[in-house]
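Peer 1: There's a structure below that I have some questions on.
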Amino acid sequence: MNQEKYLTLHEIVKAARLNLDQGLWDYLIGGSETETSLKRNRQALDSLAFRPRVLHDVSELDASSSFLGHPLRIPVLLAPIGSLQAFEAGGGASAAKAAEIFGTINILSSACKPDLETVADASNSAKMYQLYLLGDDAWMDQMINRAIDAGYVALCLVPDMVVYSRRERDLAKRFLPPTRRKDGHQTGGNDLEANFGFQAKLSWDTVKRVKDRYPIPLVLKGIATAEDAGLACEHGVEVIYVSNHGGRQLDHGRGTIDMLPEIVREVNGRASIVVDGGFMRGTDVVKGIALGADAVGIGKLEGLAMAADGVNGVVRALELLELEIQNCLAMLGVTRLDQLNPSYLCNAKAVGFSDATSAFPLLNLEDAGY
Ligand SMILES: Cc1cc2nc3c(=O)[nH]c(=O)nc-3n(C[C@H](O)[C@H](O)[C@H](O)COP(=O)(O)O)c2cc1C
């Protein structure tokens with residue numbers, strides 16, 4: 001699909017830039033306050049070098065994997081993105097379709113249109129539902145039951161979003177993303193802003209309540225320390241999702257790949273592990289897997305691909321990631337993801353400035369009107 005149109009991920013990012021106005025571009029690629037967390041995500045990835053092994057037969061490569069028993073063509077999940085419909089009219093339904101066509105799992109954000117049943121109907125592949133708590137326990141029960149009835153294979157709560165951060169690119173322009181406008185979301189008719197207090201009340205009691213009542217696997221997205229990963233395991237949480245919301249929430253945090261080793265050690269096989277934050281290239285994905293993640297999430301890259309070309313853009317971005325992952329595996333001297341381990345990596349000095357688009361050095365944003 002689109003093989004001729006986009007030969008590199010650069011071209012997809014550039015097409016996205018050309019399609020987005022300044023407000024949406026900044027909303028998509030920006031972070032909170034000084035954007036230090038956002039830059040550290042990339043800097044941490046850029047500060048790892050490979051230690052390749054040679055003289056292994058790599059003529060047959062397999063970059064496939066599975067997650068919670070569902071097959072993945074590559075170990076890359078589509079992270080939940082609110083307001084996807086602002087980047088392409090199909091919104092969450094387009095992401096779900098792209099995930100099915102390519103062969104991965106989409107995580108639908110509750111701050112995304114269309115509603116969860118419509119998105120469930122849009123594809124036959126496994127999908128997860130990320131719920132922001134915008135109401136009381138009865139409201140939460142209703143939403144979880146709707147997600148279960150619609151066939152979602154896991155429920156995701158987001159403890160790194162207990163307050164909405166200060167995103168100064170947006171504040172400077174008085175820009176409000178669709179999710180923060182009065183009629184901007186589809187989660188039971190409540191206004192996100194007015195009801196965000198329920199997210200602030202999110203606690204380990206909420207986790208216990210959900211685990212006690214619902215058999216659906218639970219994902220905690222936004223775990224940043226071994227301590228909280230350990231507590232999540234004690235609560236029976238099935239998926240620890242290491243994330244700092246793409247540098248969009250707490251500023252001055254660590255780069256997420258730097259969080260991974262202590263969390264992998266603490267979890268010690270008791271839960272599956274996902275990591276996201278700055279993952280833009282196949283080599284980034286390989287680094288995450290080598291350090292013990294079961295899968296990597298893409299957020300900004302998913303949004304950029306959606307803005308570039310909707311369903312086709314996301315499928316093509318995943319195809320290009322697959323090519324990059326396969327190339328990387330071959331040149332590391334491994335044929336499968338389960339042969340990777342931390343010995344394939346070492347610390348190294350990043351070679352340049354790291355930011356949201358620095359994984360694309362050929363991107364001429366001036367050309368694109370940046
Ligand atoms: C435009 C945008 C909207 C997002 N909306 C949500 C959301 O509704 N729920 C959520 O859990 N995370 C949300 N995130 C965070 C992503 O799920 C993911 O954690 C993050 O983007 C990963 O970092 P990356 O963008 O560097 O890949 C959003 C990210 C972006 C870029």
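To be explicit about the labels: the chains of the structure tokens are called A, B, and onward in the order shown, and within each one the residues are counted from 1, while ligands get numbers from 1 in the order they are shown.
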Please, which residues of region 137-334 of chain A, numbered as in this document, come out alpha helix (DSSP H) from DSSP, as an MDAnalysis selection string?
Peer 2: chainID A and resid 137:149 168:173 192:195 197:200 204:213 226:234 256:267 282:290 300:332
Peer 1: Give me, as a Markdown table, each residue of chain A that comes within 6 Å of ligand 1, together with its shortest interatomic pair and the distance in Å at one decimal, counting only C-alpha atoms and all ligand atoms, with rows ordered by chain and rising residue number.
Peer 2:
```
| residue | atom | partner | partner_atom_place_in_ligand_line | distance |
| --- | --- | --- | --- | --- |
| A:Leu28 | CA | ligand 1 | 1 (C) | 4.2 |
| A:Ala79 | CA | ligand 1 | 17 (O) | 4.3 |
| A:Pro80 | CA | ligand 1 | 17 (O) | 4.2 |
| A:Ile81 | CA | ligand 1 | 5 (N) | 3.5 |
| A:Gly82 | CA | ligand 1 | 8 (O) | 3.5 |
| A:Ser109 | CA | ligand 1 | 8 (O) | 4.7 |
| A:Ala111 | CA | ligand 1 | 8 (O) | 5.0 |
| A:Val158 | CA | ligand 1 | 11 (O) | 5.6 |
| A:Ser243 | CA | ligand 1 | 19 (O) | 5.7 |
| A:His245 | CA | ligand 1 | 19 (O) | 3.8 |
| A:Gly246 | CA | ligand 1 | 23 (O) | 3.2 |
| A:Asp276 | CA | ligand 1 | 22 (C) | 4.8 |
| A:Gly277 | CA | ligand 1 | 23 (O) | 3.4 |
| A:Gly278 | CA | ligand 1 | 26 (O) | 3.5 |
| A:Phe279 | CA | ligand 1 | 27 (O) | 5.3 |
| A:Ile298 | CA | ligand 1 | 27 (O) | 4.2 |
| A:Gly299 | CA | ligand 1 | 21 (O) | 3.4 |
| A:Lys300 | CA | ligand 1 | 25 (O) | 3.6 |
```
Peer 1: Mind writing the picked residues with C-alpha atoms as a tab-separated table (two decimals), in the first residue's frame?
Peer 2:
```
chain	number	residue	atom	x	y	z
A	28	LEU	CA	0.19	17.16	18.16
A	79	ALA	CA	-1.32	4.49	21.49
A	80	PRO	CA	-4.56	6.17	22.53
A	81	ILE	CA	-4.91	9.66	21.04
A	82	GLY	CA	-7.74	12.01	21.90
A	109	SER	CA	-8.98	6.93	23.67
A	111	ALA	CA	-11.44	11.41	24.35
A	158	VAL	CA	-4.29	6.63	32.76
A	243	SER	CA	4.84	6.29	29.71
A	245	HIS	CA	2.19	10.76	28.02
A	246	GLY	CA	4.70	11.67	25.32
A	276	ASP	CA	6.02	4.71	24.70
A	277	GLY	CA	7.50	8.18	24.45
A	278	GLY	CA	9.54	9.37	21.49
A	279	PHE	CA	9.47	6.08	19.58
A	298	ILE	CA	3.48	5.12	18.99
A	299	GLY	CA	1.56	8.33	19.69
A	300	LYS	CA	2.85	11.31	17.72
```
Peer 1: If you take only C-alpha atoms and a cut-off of 12 Å, which residues of region 220-268 of chain A touch region 343-354 of chain A, and what are their nearest atom pairs and distances in Å to one decimal, in chain and number order, as a tab-separated table?
Peer 2:
```
residue	atom	partner	partner_atom	distance
A:Gly255	CA	A:Ser354	CA	11.3
A:Ile257	CA	A:Asn347	CA	11.9
A:Asp258	CA	A:Asn347	CA	10.8
```
Peer 1: Give me the residues of region 156-270 of chain A that have any atom at most 12 Å from an atom of region 11-23 of chain A; for each, the nearest atom pair and the distance in Å, rounded to one decimal. Use only C-alpha atoms, sort by chain and number, and format it as JSON lines.
Peer 2:
```
{"residue": "A:Arg167", "atom": "CA", "partner": "A:Gly23", "partner_atom": "CA", "distance": 12.0}
{"residue": "A:Glu168", "atom": "CA", "partner": "A:Gly23", "partner_atom": "CA", "distance": 11.6}
{"residue": "A:Arg169", "atom": "CA", "partner": "A:Gly23", "partner_atom": "CA", "distance": 8.3}
{"residue": "A:Asp170", "atom": "CA", "partner": "A:Gly23", "partner_atom": "CA", "distance": 7.1}
{"residue": "A:Leu171", "atom": "CA", "partner": "A:Gly23", "partner_atom": "CA", "distance": 10.3}
{"residue": "A:Ala172", "atom": "CA", "partner": "A:Gly23", "partner_atom": "CA", "distance": 10.1}
{"residue": "A:Lys173", "atom": "CA", "partner": "A:Gly23", "partner_atom": "CA", "distance": 7.4}
{"residue": "A:Arg174", "atom": "CA", "partner": "A:Gly23", "partner_atom": "CA", "distance": 9.2}
{"residue": "A:Phe175", "atom": "CA", "partner": "A:Gly23", "partner_atom": "CA", "distance": 6.4}
{"residue": "A:Leu176", "atom": "CA", "partner": "A:Gly23", "partner_atom": "CA", "distance": 8.7}
{"residue": "A:Pro177", "atom": "CA", "partner": "A:Gly23", "partner_atom": "CA", "distance": 8.6}
{"residue": "A:Pro178", "atom": "CA", "partner": "A:Gly23", "partner_atom": "CA", "distance": 11.4}
```
Peer 1: Looking at only C-alpha atoms, which of A:Ala356, A:Thr335, A:Ala305, A:Gly103 is the one that sits closest to Glu60 (chain A)?
Peer 2: A:Thr335
Peer 1: What's around region 217-223 of chain A at 7 Å? Count only C-alpha atoms, leave out sequence neighbours fewer than 5 positions away in its own chain, and write the answer as a PyMOL selection string.
Peer 2: chain A and resi 154-160+228-229+237-245
Peer 1: Please list as a list in words every residue within 12 Å of Ser59 (chain A), counting only C-alpha atoms and excluding residues in the same chain fewer than 3 positions away.
Peer 2: Leu55, His56, Asp62, Gln326, Asn327, Leu329, Ala330, Met331, Gly333, Val334, Thr335 and Arg336 of chain A
Peer 1: Where in region 103-166 of chain A does DSSP assign strand (DSSP E or B), given as a list in words?
Peer 2: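 Restricting region 103-166 of chain A to strand (DSSP E or B) produces Asn106, Ile107, Leu108, Ser109, Lys127, Met128, Tyr129, Gln130, Ala154, Leu155, Cys156 and Leu157 of chain A.
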Peer 1: Please produce a file of those selected residues containing C-alpha atoms, as a PDB file, in the first residue's frame.
Peer 2:
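Output (selection-v1.pdb):
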```pdb
ATOM      1  CA  ASN A 106      -5.371  -0.038  18.361  1.00  0.00           C
ATOM      2  CA  ILE A 107      -6.004   1.526  21.762  1.00  0.00           C
ATOM      3  CA  LEU A 108      -9.014   3.813  21.481  1.00  0.00           C
ATOM      4  CA  SER A 109      -8.985   6.926  23.666  1.00  0.00           C
ATOM      5  CA  LYS A 127      -8.640  -3.500  20.286  1.00  0.00           C
ATOM      6  CA  MET A 128      -8.257  -1.927  23.703  1.00  0.00           C
ATOM      7  CA  TYR A 129     -10.232   0.870  25.334  1.00  0.00           C
ATOM      8  CA  GLN A 130      -8.597   3.695  27.280  1.00  0.00           C
ATOM      9  CA  ALA A 154      -8.351  -4.782  27.593  1.00  0.00           C
ATOM     10  CA  LEU A 155      -9.242  -1.681  29.607  1.00  0.00           C
ATOM     11  CA  CYS A 156      -6.673   1.067  30.084  1.00  0.00           C
ATOM     12  CA  LEU A 157      -6.644   3.650  32.899  1.00  0.00           C
TER      13      LEU A 157
END
```
Peer 1: Identify, on the basis of only C-alpha atoms, every residue whose closest approach to Arg254 (chain A) does not exceed 10 Å; exclude the query and any residue fewer than 6 positions from it along the same chain; express the result as a PDB file with C-alpha atoms, in the first residue's frame.
Peer 2:
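File selection_38.pdb, as written:
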```pdb
ATOM      1  CA  THR A  36      11.928  18.819  28.883  1.00  0.00           C
ATOM      2  CA  SER A  37      10.158  15.466  29.363  1.00  0.00           C
ATOM      3  CA  LEU A  38       9.299  15.396  25.676  1.00  0.00           C
ATOM      4  CA  LYS A  39      12.888  16.116  24.620  1.00  0.00           C
ATOM      5  CA  ARG A  40      14.270  13.638  27.163  1.00  0.00           C
ATOM      6  CA  ASN A  41      12.190  10.871  25.603  1.00  0.00           C
ATOM      7  CA  GLN A  43      17.414  12.169  24.086  1.00  0.00           C
ATOM      8  CA  ALA A  44      17.262   8.937  26.104  1.00  0.00           C
ATOM      9  CA  ALA A 224       7.222   5.674  35.694  1.00  0.00           C
ATOM     10  CA  SER A 243       4.838   6.294  29.706  1.00  0.00           C
ATOM     11  CA  ASN A 244       5.018  10.011  30.427  1.00  0.00           C
ATOM     12  CA  GLY A 247       6.085  14.472  27.521  1.00  0.00           C
TER      13      GLY A 247
END
```
Peer 1: Using only C-alpha atoms, which of A:Ile216, A:Val162, A:Ile101, A:Leu48 sits nearest Ile148 (chain A)?
Peer 2: A:Ile216
